[in-house]
Each structure stands twice: as C-alpha cells, then as structure tokens.
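Trainee: Take this structure, written in structure tokens, and hold onto it; I'll ask about it next.
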Amino acid sequence: MQQPAAGTAARWYAASVFPGKEDVAERHLRMQGFHPFVPRCEKTTRHARRIETRAAAYFPGYMFISLDVALQRWRSVNGTFGVRSLIMQGERPLPVPSGLVERFIALTGRDGLLDFSGGLAAGAAVRILSGPFAEMIGRLDRLDPAGRARVLVAIMNGEIPVDMDSRELVAIA
C-alpha cells in the first residue's frame with residue numbers, strides 16, 4: 001500500500017463513489033498521483049445455484065483519499081471517473097477523524113482484506129474485556145469476517161454461547 005510522504009499535512013478524506021466503481025475510482029486516482037484507500041472484506045454471493053466469494057468494499061459507495069488541501073488540487077478528485085464527490089463541509093472537504101483510516105490500514109492483511117480477528121482463532125481461550133461478562137474466560141467458538149464472535153462461557157455447569165464484538169476479546173495463553 002502506497003502511503004503519503006511523512007511530514008506532510010495530508011489528512012484522510014472520504015469520497016462518495018458510484019455503486020461498484022471503487023476499483024475504477026481507485027485506479028484513476030492513483031494515475032493522478034493521489035493516495036486512495038478502499039477497505040475491503042470478503043463477500044459471498046449466491047446466484048443460480050452458484051456460490052462466489054470475492055473481495056468487496058467494506059463501505060460500499062465510499063473510499064478514503066489522503067490529501068493536503070493546501071498544496072494539492074483536490075477539486076480534480078470530483079471529476080475523476082468513478083467518483084461522485086468528496087464529502088464536503090461548506091466549501092472544503094471534511095476530514096475523517098484522525099486515526100480511523102490508519103486503523104483500517106493496520107487491520108488490512110497481505111491479501112488486501114480487513115482482518116478483525118486480532119490473532120484470535122477458533123478453539124482459543126479468551127478473556128472478555130467488557131460488558132456483562134467482563135473478566136470471564138471462555139472458549140472462542142466462531143469468528144466471522146465482520147468482526148462478530150461467539151464465545152462459549154462456562155456458567156452453571158454448562159457452556160453458554162455468547163455473541164459479541166471481537167474487539168471485546170483478548171486471547172490468553
């Protein structure tokens with residue numbers, strides 16, 4: 001992934017793109033010298049008795065672009081193939097909260113897909129960090145690509161399945 005030069009005043013901005021045109025917009029923005037980022041995840045579709053798994057935008061219809069609005073000609077983004085427009089606040093593009101896109105980039109694996117597992121694997125012992133089951137230890141039963149987890153928690157001589165966000169879990173040895 002190509003990153004903006006360190007030490008610049010570049011911030012990340014959101015852009016609305018035409019449905020299914022994230023790849024086209026990303027390619028054309030790169031050709032213009034911009035640094036776009038489209039978070040992707042695996043999407044499974046079923047049609048005519050066929051199951052197909054492919055990479056799809058995590059936020060369909062949106063992408064992120066690193067810009068220095070004081071130095072770069074950011075208005076040309078709005079005229080790029082596949083891009084509807086930058087998300088604006090008045091006359092200026094609206095920056096996304098600091099650290100948000102950087103976190104998505106950090107969660108992106110070598111395959112270009114978001115990985116919310118954080119090193120968790122089915123069958124691993126986990127500690128629940130928050131919520132009504134905070135500080136309890138359980139066994140991870142299942143983890144889906146959207147970041148949801150099912151943990152089997154030992155309560156009253158049995159294992160009770162509890163569904164929660166995987167960010168609320170930490171693996172223990």
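FYI, nothing fancy with the structure tokens labels: chains A, B, ... in order, residues from 1 per chain, ligands from 1 as they appear.
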If DSSP is run on the backbone, what residues of stretch 30-132 of chain A are strand (DSSP E)? A reply as number ranges by chain would be ideal.

Mentor: A: 35-37, 40-47, 50-57, 62-67, 83-86, 88-89, 92-93, 125-128

Trainee: For the contact check between stretch 25-137 of chain A and stretch 158-170 of chain A, emit one row per residue of stretch 25-137 of chain A within 7 Å, containing the shortest atom pair and the distance in Å rounded to one decimal, counting only C-alpha atoms, chain then rising number order, as JSON lines.

Mentor:
{"residue": "A:Ser117", "atom": "CA", "partner": "A:Ser166", "partner_atom": "CA", "distance": 6.8}
{"residue": "A:Val126", "atom": "CA", "partner": "A:Val170", "partner_atom": "CA", "distance": 5.5}
{"residue": "A:Arg127", "atom": "CA", "partner": "A:Val170", "partner_atom": "CA", "distance": 5.4}
{"residue": "A:Ile128", "atom": "CA", "partner": "A:Leu169", "partner_atom": "CA", "distance": 4.8}
{"residue": "A:Leu129", "atom": "CA", "partner": "A:Glu168", "partner_atom": "CA", "distance": 5.1}
{"residue": "A:Ser130", "atom": "CA", "partner": "A:Glu168", "partner_atom": "CA", "distance": 5.9}

Trainee: Applying 7 Å and only C-alpha atoms, which residues near A:Gly138 remain after dropping the ones on its own chain fewer than 4 positions away? List them as a list in words.

Mentor: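 The contact residues come out as Ala125, Val126, Arg127, Val151, Leu152, Val153 and Ala154 of chain A.
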
Trainee: Just list as an MDAnalysis selection string whatever in stretch 27-160 of chain A DSSP marks as helix (DSSP H, G or I).

Mentor: chainID A and resid 27:31 74:79 100:107

Trainee: Excluding stretch 36-38 of chain A and residues on its chain fewer than 6 positions from it, collect all residues at most 9 Å away from it, counting only C-alpha atoms, and give them as number ranges by chain.

Mentor: A: 1-2, 12, 22-23, 25-27, 29-30, 57-59, 62-66, 101, 105

Trainee: Taking into account only C-alpha atoms, which residue in the set A:Ala122, A:Ala146, A:Leu86, A:Val77 is nearest to A:Met31?

Mentor: A:Val77

Trainee: Please provide the set of residues having any atom within 12 Å of A:Leu67, restricted to only C-alpha atoms, with same-chain residues fewer than 3 positions apart removed, written as a ChimeraX atom specification.

Mentor: /A:3-5,8-15,29,33-37,64,70-77,86,92-96

Trainee: Using only C-alpha atoms for the distances, tell me which of A:Gln89, A:Thr44, A:Thr80, A:Thr53 is nearest to A:Val17.

Mentor: A:Thr80

Trainee: For each of A:Pro97, A:Pro60, A:Gly123, A:Gly118, take the minimum atom-to-atom distance to A:Asp141, counting only C-alpha atoms, then give the residue where this is smallest.

Mentor: A:Gly123
